[in-house]
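Novice: Pasting model.txt below, which is compact mmCIF, C-alpha atoms and all ligand atoms.
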```txt
# COMPACT_ATOMS: atom_id res chain seq x y z
CA MET Z 73 12.90 -6.38 13.91
CA GLU Z 74 13.72 -3.00 12.34
CA LYS Z 75 10.72 -0.67 12.34
CA TYR Z 76 11.63 1.05 9.07
CA PHE Z 77 12.77 0.42 5.54
CA THR Z 78 15.06 3.05 4.04
CA LEU Z 79 13.98 4.26 0.61
CA GLN Z 80 16.52 4.98 -2.16
CA ASN Z 81 16.55 8.70 -1.20
CA GLY Z 82 17.25 7.93 2.48
CA VAL Z 83 13.68 8.53 3.72
CA GLN Z 84 12.64 6.03 6.38
CA MET Z 85 9.29 4.38 5.86
CA PRO Z 86 7.60 2.24 8.55
CA ARG Z 87 7.47 -1.44 7.61
CA ILE Z 88 3.89 -1.78 8.89
CA GLY Z 89 1.24 0.83 8.15
CA TYR Z 90 -2.51 1.09 8.48
CA GLY Z 91 -4.61 0.72 5.32
CA THR Z 92 -7.63 2.99 5.37
CA TYR Z 93 -9.61 1.70 2.38
CA LYS Z 94 -13.18 1.13 3.62
CA CYS Z 95 -11.91 1.45 7.20
CA THR Z 96 -14.72 3.82 8.07
CA ASP Z 97 -18.29 3.59 6.93
CA GLY Z 98 -17.53 6.92 5.33
CA SER Z 99 -18.97 9.00 8.12
CA ASP Z 100 -16.24 9.79 10.63
CA GLU Z 101 -12.62 9.56 11.72
CA ARG Z 102 -12.95 7.31 14.78
CA VAL Z 103 -11.39 4.18 13.25
CA VAL Z 104 -8.35 6.11 11.99
CA ARG Z 105 -7.93 7.67 15.43
CA MET Z 106 -8.08 4.20 16.93
CA ALA Z 107 -5.31 3.08 14.55
CA LEU Z 108 -3.12 5.95 15.77
CA GLU Z 109 -3.92 5.02 19.39
CA ALA Z 110 -2.97 1.41 18.59
CA GLY Z 111 0.46 2.72 17.60
CA TYR Z 112 0.37 3.02 13.79
CA ARG Z 113 2.55 5.81 12.46
CA MET Z 114 1.98 5.19 8.76
CA LEU Z 115 -1.44 5.78 7.19
CA ASP Z 116 -2.28 4.75 3.64
CA THR Z 117 -5.07 6.67 1.96
CA ALA Z 118 -6.00 7.80 -1.57
CA ALA Z 119 -8.24 10.34 -3.26
CA ALA Z 120 -10.34 7.40 -4.48
CA TYR Z 121 -11.06 6.18 -0.92
CA LYS Z 122 -13.00 9.38 -0.23
CA ASN Z 123 -11.78 9.39 3.36
CA GLU Z 124 -8.88 11.85 3.25
CA GLU Z 125 -10.90 14.37 5.26
CA TYR Z 126 -11.35 11.84 8.05
CA VAL Z 127 -7.70 10.83 7.96
CA GLY Z 128 -6.68 14.49 8.19
CA ARG Z 129 -9.07 15.11 11.07
CA ALA Z 130 -7.89 12.00 12.93
CA ILE Z 131 -4.27 13.17 12.69
CA LYS Z 132 -5.15 16.65 13.96
CA GLU Z 133 -7.28 15.33 16.82
CA SER Z 134 -4.65 12.78 17.88
CA GLY Z 135 -2.25 15.53 18.93
CA ILE Z 136 0.62 13.47 17.48
CA PRO Z 137 3.09 15.80 15.75
CA ARG Z 138 2.60 15.63 11.99
CA GLU Z 139 6.26 14.76 11.42
CA GLU Z 140 5.85 11.57 13.46
CA ILE Z 141 3.28 10.23 11.00
CA PHE Z 142 4.18 8.84 7.58
CA LEU Z 143 1.25 9.84 5.39
CA THR Z 144 0.63 8.34 1.93
CA SER Z 145 -1.97 9.33 -0.62
CA LYS Z 146 -2.56 8.56 -4.30
CA VAL Z 147 -3.90 10.23 -7.41
CA TRP Z 148 -6.75 8.29 -9.02
CA LYS Z 149 -6.45 6.89 -12.55
CA THR Z 150 -8.99 9.32 -14.03
CA GLU Z 151 -6.70 12.21 -13.01
CA LEU Z 152 -3.57 11.12 -14.89
CA GLY Z 153 -1.70 13.79 -16.90
CA TYR Z 154 0.34 16.78 -15.72
CA GLU Z 155 -2.40 19.35 -14.97
CA LYS Z 156 -4.99 16.98 -13.51
CA THR Z 157 -2.41 15.36 -11.23
CA LYS Z 158 -1.26 18.76 -9.96
CA LYS Z 159 -4.83 19.69 -9.09
CA SER Z 160 -5.55 16.32 -7.47
CA PHE Z 161 -2.43 16.58 -5.28
CA GLU Z 162 -3.38 20.04 -4.02
CA GLU Z 163 -6.91 18.82 -3.25
CA SER Z 164 -5.53 15.86 -1.31
CA LEU Z 165 -3.33 18.19 0.76
CA GLU Z 166 -6.31 20.36 1.55
CA ARG Z 167 -8.54 17.46 2.57
CA LEU Z 168 -5.74 16.00 4.68
CA GLN Z 169 -5.11 19.41 6.33
CA THR Z 170 -1.39 19.23 5.70
CA ASP Z 171 1.16 21.09 3.61
CA TYR Z 172 3.19 18.03 2.66
CA LEU Z 173 2.88 14.28 2.14
CA ASP Z 174 5.44 11.64 2.99
CA LEU Z 175 4.60 9.57 -0.07
CA PHE Z 176 2.45 10.26 -3.12
CA LEU Z 177 1.65 7.52 -5.64
CA LEU Z 178 0.12 7.15 -9.08
CA HIS Z 179 -2.68 4.76 -8.06
CA TRP Z 180 -2.98 2.81 -11.37
CA PRO Z 181 -0.98 3.10 -14.61
CA LYS Z 182 -3.96 3.37 -16.97
CA PRO Z 183 -7.25 5.27 -16.89
CA SER Z 184 -8.89 2.19 -18.44
CA ALA Z 185 -7.83 -1.15 -19.85
CA ASP Z 186 -8.23 0.06 -23.45
CA SER Z 187 -6.44 3.41 -22.99
CA GLN Z 188 -4.09 4.21 -25.90
CA ASP Z 189 -2.24 7.17 -24.40
CA TRP Z 190 -1.59 5.87 -20.88
CA ALA Z 191 2.21 6.05 -21.22
CA GLU Z 192 2.13 9.79 -22.08
CA LEU Z 193 -0.40 10.39 -19.30
CA ASP Z 194 1.85 8.62 -16.79
CA GLN Z 195 4.85 10.63 -17.98
CA GLY Z 196 2.89 13.87 -17.51
CA SER Z 197 1.76 12.86 -14.03
CA TRP Z 198 5.29 11.85 -13.14
CA LYS Z 199 6.59 15.27 -14.16
CA ALA Z 200 4.09 16.80 -11.72
CA LEU Z 201 5.23 14.43 -8.95
CA GLU Z 202 8.86 15.34 -9.63
CA GLU Z 203 7.95 19.01 -9.20
CA PHE Z 204 6.20 18.37 -5.85
CA TYR Z 205 9.28 16.42 -4.81
CA SER Z 206 11.75 19.15 -5.75
CA GLN Z 207 9.50 21.72 -4.02
CA LYS Z 208 9.61 19.51 -0.89
CA LYS Z 209 5.83 19.13 -0.87
CA VAL Z 210 6.37 15.38 -0.76
CA ARG Z 211 9.25 13.39 0.76
CA ALA Z 212 9.00 10.42 -1.60
CA ILE Z 213 7.16 9.61 -4.83
CA GLY Z 214 6.10 6.34 -6.36
CA VAL Z 215 3.57 4.23 -8.18
CA SER Z 216 1.05 1.53 -7.49
CA ASN Z 217 -0.05 -1.43 -9.59
CA PHE Z 218 2.69 -0.75 -12.14
CA LEU Z 219 4.09 -3.84 -13.87
CA PRO Z 220 7.53 -3.71 -15.55
CA HIS Z 221 6.03 -2.77 -18.95
CA HIS Z 222 4.30 0.23 -17.29
CA LEU Z 223 7.46 1.26 -15.46
CA GLU Z 224 9.68 1.12 -18.56
CA PRO Z 225 8.17 4.13 -20.43
CA LEU Z 226 7.99 6.09 -17.19
CA LEU Z 227 11.66 5.45 -16.47
CA GLU Z 228 12.58 6.58 -19.99
CA THR Z 229 11.64 10.20 -19.24
CA ALA Z 230 11.93 10.27 -15.44
CA ASN Z 231 14.55 12.38 -13.70
CA VAL Z 232 13.67 10.89 -10.32
CA ARG Z 233 13.12 7.16 -10.11
CA PRO Z 234 9.96 5.89 -8.32
CA MET Z 235 10.84 5.04 -4.74
CA VAL Z 236 7.90 2.74 -4.01
CA ASN Z 237 5.59 0.42 -5.95
CA GLN Z 238 2.47 -0.63 -4.03
CA LEU Z 239 1.10 -3.93 -5.35
CA GLU Z 240 -1.46 -6.55 -4.41
CA LEU Z 241 0.78 -9.11 -2.71
CA HIS Z 242 -0.04 -11.95 -0.36
CA VAL Z 243 0.36 -15.68 -0.04
CA GLY Z 244 -1.07 -17.04 -3.29
CA TYR Z 245 -0.47 -13.88 -5.32
CA MET Z 246 3.16 -12.83 -5.19
CA GLN Z 247 3.73 -11.18 -8.61
CA GLU Z 248 7.31 -12.48 -8.52
CA ALA Z 249 8.46 -10.92 -11.83
CA THR Z 250 7.37 -7.43 -10.82
CA VAL Z 251 8.79 -7.73 -7.30
CA GLN Z 252 12.13 -8.90 -8.72
CA TYR Z 253 12.16 -6.06 -11.29
CA CYS Z 254 11.50 -3.48 -8.55
CA LYS Z 255 14.25 -4.89 -6.35
CA GLU Z 256 16.72 -4.61 -9.24
CA LYS Z 257 15.73 -0.96 -9.78
CA GLY Z 258 15.89 -0.05 -6.08
CA ILE Z 259 12.12 0.47 -5.86
CA GLN Z 260 10.73 -0.48 -2.43
CA VAL Z 261 7.80 -2.85 -2.74
CA GLN Z 262 4.77 -2.37 -0.50
CA ALA Z 263 1.92 -4.88 -0.23
CA TRP Z 264 -1.72 -3.91 -0.45
CA SER Z 265 -4.28 -6.49 0.70
CA PRO Z 266 -1.48 -8.30 2.56
CA LEU Z 267 -4.14 -10.53 4.15
CA GLY Z 268 -5.75 -11.08 0.75
CA ARG Z 269 -8.74 -9.18 2.17
CA ARG Z 270 -9.39 -12.30 4.29
CA ARG Z 271 -9.48 -14.60 1.26
CA VAL Z 272 -6.27 -16.44 2.27
CA LEU Z 273 -6.62 -16.20 6.06
CA GLU Z 274 -8.17 -19.62 6.39
CA GLU Z 275 -6.13 -21.55 3.85
CA PRO Z 276 -5.15 -24.86 5.51
CA VAL Z 277 -1.44 -24.29 4.87
CA VAL Z 278 -1.63 -20.83 6.47
CA LEU Z 279 -3.49 -22.15 9.53
CA GLU Z 280 -1.03 -25.00 9.91
CA MET Z 281 2.07 -22.83 9.61
CA ALA Z 282 0.69 -20.06 11.82
CA GLN Z 283 0.25 -22.67 14.52
CA LYS Z 284 3.76 -24.03 13.95
CA TYR Z 285 5.27 -20.55 14.46
CA ASP Z 286 2.86 -19.65 17.27
CA MET Z 287 1.40 -16.63 15.48
CA SER Z 288 -2.11 -15.70 14.46
CA PRO Z 289 -2.84 -16.44 10.77
CA ALA Z 290 -2.84 -12.69 10.05
CA GLN Z 291 0.53 -12.21 11.76
CA PHE Z 292 1.95 -15.14 9.85
CA LEU Z 293 0.77 -13.70 6.51
CA LEU Z 294 2.37 -10.34 7.37
CA LYS Z 295 5.60 -11.96 8.53
CA PHE Z 296 5.80 -13.87 5.23
CA LEU Z 297 5.91 -10.51 3.39
CA LEU Z 298 8.09 -8.62 5.89
CA GLN Z 299 10.71 -11.36 5.75
CA GLN Z 300 10.98 -10.67 2.00
CA ASP Z 301 11.62 -6.96 2.73
CA ILE Z 302 8.11 -6.02 1.62
CA CYS Z 303 6.23 -3.39 3.67
CA VAL Z 304 2.59 -4.03 4.53
CA VAL Z 305 -0.51 -1.88 5.05
CA PRO Z 306 -3.18 -4.16 6.54
CA LYS Z 307 -6.62 -2.78 7.35
CA ALA Z 308 -8.47 -3.84 10.51
CA SER Z 309 -11.48 -2.50 12.35
CA SER Z 310 -10.94 -3.43 15.99
CA MET Z 311 -8.21 -2.38 18.42
CA GLU Z 312 -7.36 -6.04 19.02
CA ARG Z 313 -6.76 -6.79 15.32
CA MET Z 314 -4.96 -3.49 14.78
CA ARG Z 315 -2.51 -4.31 17.58
CA GLN Z 316 -2.13 -7.90 16.48
CA ASN Z 317 -1.14 -6.79 12.98
CA LEU Z 318 1.31 -4.21 14.31
CA GLU Z 319 2.95 -6.60 16.76
CA VAL Z 320 4.16 -9.28 14.39
CA PRO Z 321 6.49 -11.59 16.36
CA ASP Z 322 10.13 -11.48 15.35
CA ILE Z 323 10.31 -15.20 14.60
CA ARG Z 324 12.10 -16.20 11.41
CA ILE Z 325 10.13 -18.44 9.06
CA LEU Z 326 12.35 -21.28 7.83
CA GLU Z 327 13.52 -21.00 4.23
CA GLU Z 328 11.86 -24.30 3.30
CA ASP Z 329 8.49 -22.98 4.52
CA MET Z 330 9.00 -19.66 2.70
CA TYR Z 331 9.77 -21.61 -0.46
CA MET Z 332 6.69 -23.78 -0.10
CA LEU Z 333 4.46 -20.72 0.37
CA ARG Z 334 6.02 -18.97 -2.62
CA CYS Z 335 5.31 -22.03 -4.76
CA LEU Z 336 1.59 -22.25 -3.98
CA PRO Z 337 -0.74 -22.02 -6.98
CA GLN Z 338 -2.56 -18.70 -7.35
CA ILE Z 339 -5.21 -18.16 -4.68
CA GLY Z 340 -7.06 -15.15 -3.34
CA TRP Z 341 -6.43 -12.72 -6.20
CA GLY Z 342 -8.65 -9.64 -5.81
CA GLY Z 343 -9.55 -9.55 -9.51
CA GLU Z 344 -7.92 -6.25 -10.43
CA HIS Z 345 -5.25 -5.99 -13.11
CA PRO Z 346 -4.04 -2.79 -14.77
CA ASP Z 347 -4.36 -4.20 -18.31
CA LEU Z 348 -7.74 -5.90 -17.88
CA SER Z 349 -11.25 -4.74 -17.20
CA ARG Z 350 -12.25 -5.52 -13.65
CA MET Z 351 -12.96 -9.19 -13.14
CA ALA Z 352 -16.23 -9.99 -11.46
CA VAL Z 353 -14.59 -12.00 -8.70
CA CYS Z 354 -14.01 -11.64 -5.02
CA ASP Z 355 -15.13 -8.05 -4.48
CA VAL Z 356 -15.60 -8.30 -0.74
N1 LIG F 1 -3.01 0.59 -4.23
C1 LIG F 1 -4.13 -0.05 -4.41
O1 LIG F 1 -4.62 -0.20 -5.54
C2 LIG F 1 -4.84 -0.64 -3.24
C3 LIG F 1 -5.95 -1.48 -3.43
C4 LIG F 1 -6.57 -2.01 -2.32
C5 LIG F 1 -6.12 -1.72 -1.04
N2 LIG F 1 -5.05 -0.87 -0.87
C6 LIG F 1 -4.55 -0.51 0.49
O2 LIG F 1 -4.23 -1.71 1.20
C7 LIG F 1 -4.92 -1.70 2.44
C8 LIG F 1 -5.18 -3.11 2.94
O3 LIG F 1 -5.84 -3.88 1.97
P1 LIG F 1 -7.34 -4.43 2.11
O4 LIG F 1 -8.07 -3.54 3.03
O5 LIG F 1 -7.85 -4.64 0.75
O6 LIG F 1 -7.17 -5.89 2.71
P2 LIG F 1 -6.36 -6.63 3.88
O7 LIG F 1 -5.66 -5.66 4.74
O8 LIG F 1 -5.59 -7.71 3.23
O9 LIG F 1 -7.54 -7.31 4.67
C9 LIG F 1 -8.47 -6.61 5.42
C10 LIG F 1 -9.47 -7.63 5.97
O10 LIG F 1 -8.81 -8.51 6.88
C11 LIG F 1 -9.46 -8.47 8.14
N3 LIG F 1 -8.44 -8.52 9.20
C12 LIG F 1 -7.52 -7.57 9.48
N4 LIG F 1 -6.73 -7.96 10.49
C13 LIG F 1 -7.15 -9.20 10.86
C14 LIG F 1 -6.73 -10.11 11.85
N5 LIG F 1 -5.68 -9.84 12.64
N6 LIG F 1 -7.40 -11.28 11.96
C15 LIG F 1 -8.43 -11.56 11.15
N7 LIG F 1 -8.89 -10.73 10.19
C16 LIG F 1 -8.25 -9.55 10.03
C17 LIG F 1 -10.22 -7.17 8.17
O11 LIG F 1 -11.35 -7.31 8.99
P3 LIG F 1 -11.94 -6.14 9.92
O12 LIG F 1 -11.81 -4.85 9.14
O13 LIG F 1 -13.34 -6.56 10.15
O14 LIG F 1 -11.12 -6.11 11.17
C18 LIG F 1 -10.61 -7.00 6.72
O15 LIG F 1 -11.78 -7.73 6.41
C19 LIG F 1 -6.19 -0.89 2.13
O16 LIG F 1 -6.86 -0.48 3.29
C20 LIG F 1 -5.60 0.23 1.31
O17 LIG F 1 -5.00 1.19 2.16
C21 LIG F 1 -4.41 -0.32 -1.95
```
Represent the structure of the file as structure tokens.
Specialist:
Amino acid sequence: MEKYFTLQNGVQMPRIGYGTYKCTDGSDERVVRMALEAGYRMLDTAAAYKNEEYVGRAIKESGIPREEIFLTSKVWKTELGYEKTKKSFEESLERLQTDYLDLFLLHWPKPSADSQDWAELDQGSWKALEEFYSQKKVRAIGVSNFLPHHLEPLLETANVRPMVNQLELHVGYMQEATVQYCKEKGIQVQAWSPLGRRRVLEEPVVLEMAQKYDMSPAQFLLKFLLQQDICVVPKASSMERMRQNLEVPDIRILEEDMYMLRCLPQIGWGGEHPDLSRMAVCDV
């Protein structure tokens, strides 16, 4: 299995990365260092995770050359708009102890569900991202949690098209319309919560199929996404799980099984939607 996907600008992005949201108890960098020792070379963080300092320290302490690590961060939704995004980016660089990022994303399209000026704010932020990109402070730029109707106004004024859209995607929540839209526009899709934050790990159909393909349920869930050319950033806390998620067997899932999984009714949604106030479900 290829280790990388090639983005529309030619940058190579690992297909499997390590998600750092809540990966530490907020007090040190040991878990991120363990992920690097396990072999991860893509780390997904964000200003909102409040762990960029630990991620930066883990990279430094690992001794791995910076250019061997694909580092992603994101600007939080309260910092949308040209000036605020510029400031947030510089602060992320400082906390991460680096002078460039591999990927920088707008974390959510709206500051709140009832925002009236979100489209202008996104356009302002995007202008800032385009500047970082042309100054080579970031190798690729993109968005997260953007549905087609959020991407449309952004594309109207963009000079550089988003290269990545990071979305909640897993068995039971596949956001087909958005994934299809991104594919048509050449935007690489990346899955957050690819294991549904454990909510879909024990679904009977997942257990049954994982056994059929001789994979762990987590590996099977990741393979289901990878086989659709979707990158994944699972989070795990032990070396054993980290390695398991990185070493997804190269066994092709039959088309009939893929189809069946894609047709499942919605299960395991995390309860976050860019146009709605946070649902009080499943916050684990
Ligand atoms: N862009 C966004 O808005 C957004 C939102 C949410 C998350 N994300 C990104 O996506 C990353 C991953 O998402 P997530 O952390 O929400 O959920 P996830 O990766 O789907 O699931 C993580 C959960 O699965 C467990 N797990 C991991 N590997 C396992 C295995 N092999 N077997 C059994 N259980 C396993 C973990 O347990 P242990 O930790 O106990 O091992 C943890 O409880 C985040 O860390 C973050 O980087 C982005």
Novice: Kindly compile the residues surrounding ligand LIG 1 (chain F) within 9 Å, counting all atoms listed in the file, and format them as number ranges by chain.
Specialist: Z: 89-95, 115-118, 121, 146, 177-180, 215-217, 237-242, 263-273, 288-291, 304-317, 342, 344, 356
Novice: Can you tell me, as a list in words, what residues are no more than 9 Å from Val261 in chain Z when counting all atoms listed in the file, ignoring any on the same chain fewer than 6 positions away?
Specialist: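 Everything that qualifies: Met235, Val236, Asn237, Gln238, Leu239, Val251, Cys254, Lys255, Asp301, Ile302 and Cys303 of chain Z.
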Novice: By how many Å are CA of Leu293 in chain Z and CA of Leu175 in chain Z apart?
Specialist: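 Computing the Euclidean distance for CA of Leu293 in chain Z and CA of Leu175 in chain Z yields 24.5 Å.
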Novice: What lies within 10 Å of Gln84 in chain Z using only C-alpha atoms, ignoring chain neighbours under 4 positions off, as a ChimeraX atom specification?
Specialist: /Z:75-80,142,174,211-212
Novice: With C-alpha atoms retained, export the selected residues as a PDB file, in the frame of the given file.
Specialist:
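The resulting file, out.pdb, is shown below:
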```pdb
ATOM      1  CA  LYS Z  75      10.720  -0.670  12.340  1.00  0.00           C
ATOM      2  CA  TYR Z  76      11.630   1.050   9.070  1.00  0.00           C
ATOM      3  CA  PHE Z  77      12.770   0.420   5.540  1.00  0.00           C
ATOM      4  CA  THR Z  78      15.060   3.050   4.040  1.00  0.00           C
ATOM      5  CA  LEU Z  79      13.980   4.260   0.610  1.00  0.00           C
ATOM      6  CA  GLN Z  80      16.520   4.980  -2.160  1.00  0.00           C
ATOM      7  CA  PHE Z 142       4.180   8.840   7.580  1.00  0.00           C
ATOM      8  CA  ASP Z 174       5.440  11.640   2.990  1.00  0.00           C
ATOM      9  CA  ARG Z 211       9.250  13.390   0.760  1.00  0.00           C
ATOM     10  CA  ALA Z 212       9.000  10.420  -1.600  1.00  0.00           C
TER      11      ALA Z 212
END
```
Novice: For Lys122 in chain Z, which residue among Z:Leu143, Z:Met106, Z:Asp286, Z:Arg167 is the nearest when counting all atoms listed in the file?
Specialist: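 So, comparing all the options, the nearest one is Z:Arg167.
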Novice: Quick one, how far is CA of Pro86 in chain Z from CA of Leu165 in chain Z?
Specialist: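 Those two atoms sit 20.8 Å apart.
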Novice: With C-alpha atoms as the atom set, please write range 253-291 of chain Z from the structure just given, as a short mmCIF file (atom, residue, chain, number, x, y, z; two decimals), in the first residue's frame.
Specialist:
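Done, and the output landed in decode_35.cif:
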```cif
data_model
loop_
_atom_site.label_atom_id
_atom_site.label_comp_id
_atom_site.auth_asym_id
_atom_site.auth_seq_id
_atom_site.Cartn_x
_atom_site.Cartn_y
_atom_site.Cartn_z
CA TYR Z 253 -17.88 17.33 -4.01
CA CYS Z 254 -14.28 17.43 -2.70
CA LYS Z 255 -13.19 14.67 -5.06
CA GLU Z 256 -14.62 16.61 -8.01
CA LYS Z 257 -12.70 19.73 -6.93
CA GLY Z 258 -9.42 17.88 -6.35
CA ILE Z 259 -9.57 18.45 -2.58
CA GLN Z 260 -8.02 15.56 -0.63
CA VAL Z 261 -10.37 14.28 2.06
CA GLN Z 262 -8.98 13.39 5.48
CA ALA Z 263 -11.00 11.62 8.18
CA TRP Z 264 -11.14 12.80 11.76
CA SER Z 265 -12.52 10.35 14.34
CA PRO Z 266 -11.93 7.52 11.85
CA LEU Z 267 -12.78 5.05 14.63
CA GLY Z 268 -15.86 7.08 15.54
CA ARG Z 269 -14.09 7.78 18.84
CA ARG Z 270 -14.81 4.12 19.70
CA ARG Z 271 -18.55 4.49 19.09
CA VAL Z 272 -18.51 2.18 16.03
CA LEU Z 273 -15.70 -0.17 17.09
CA GLU Z 274 -18.07 -2.76 18.48
CA GLU Z 275 -20.83 -2.63 15.89
CA PRO Z 276 -21.71 -6.27 15.06
CA VAL Z 277 -21.14 -5.75 11.33
CA VAL Z 278 -17.68 -4.28 12.01
CA LEU Z 279 -16.72 -7.15 14.35
CA GLU Z 280 -17.95 -9.71 11.84
CA MET Z 281 -16.15 -8.19 8.86
CA ALA Z 282 -12.94 -7.53 10.80
CA GLN Z 283 -12.86 -11.23 11.59
CA LYS Z 284 -13.57 -12.14 7.96
CA TYR Z 285 -10.58 -10.07 6.78
CA ASP Z 286 -8.38 -11.10 9.72
CA MET Z 287 -7.87 -7.56 10.98
CA SER Z 288 -8.58 -5.88 14.29
CA PRO Z 289 -11.85 -3.86 14.26
CA ALA Z 290 -9.81 -0.63 14.35
CA GLN Z 291 -7.67 -1.72 11.39
#
```
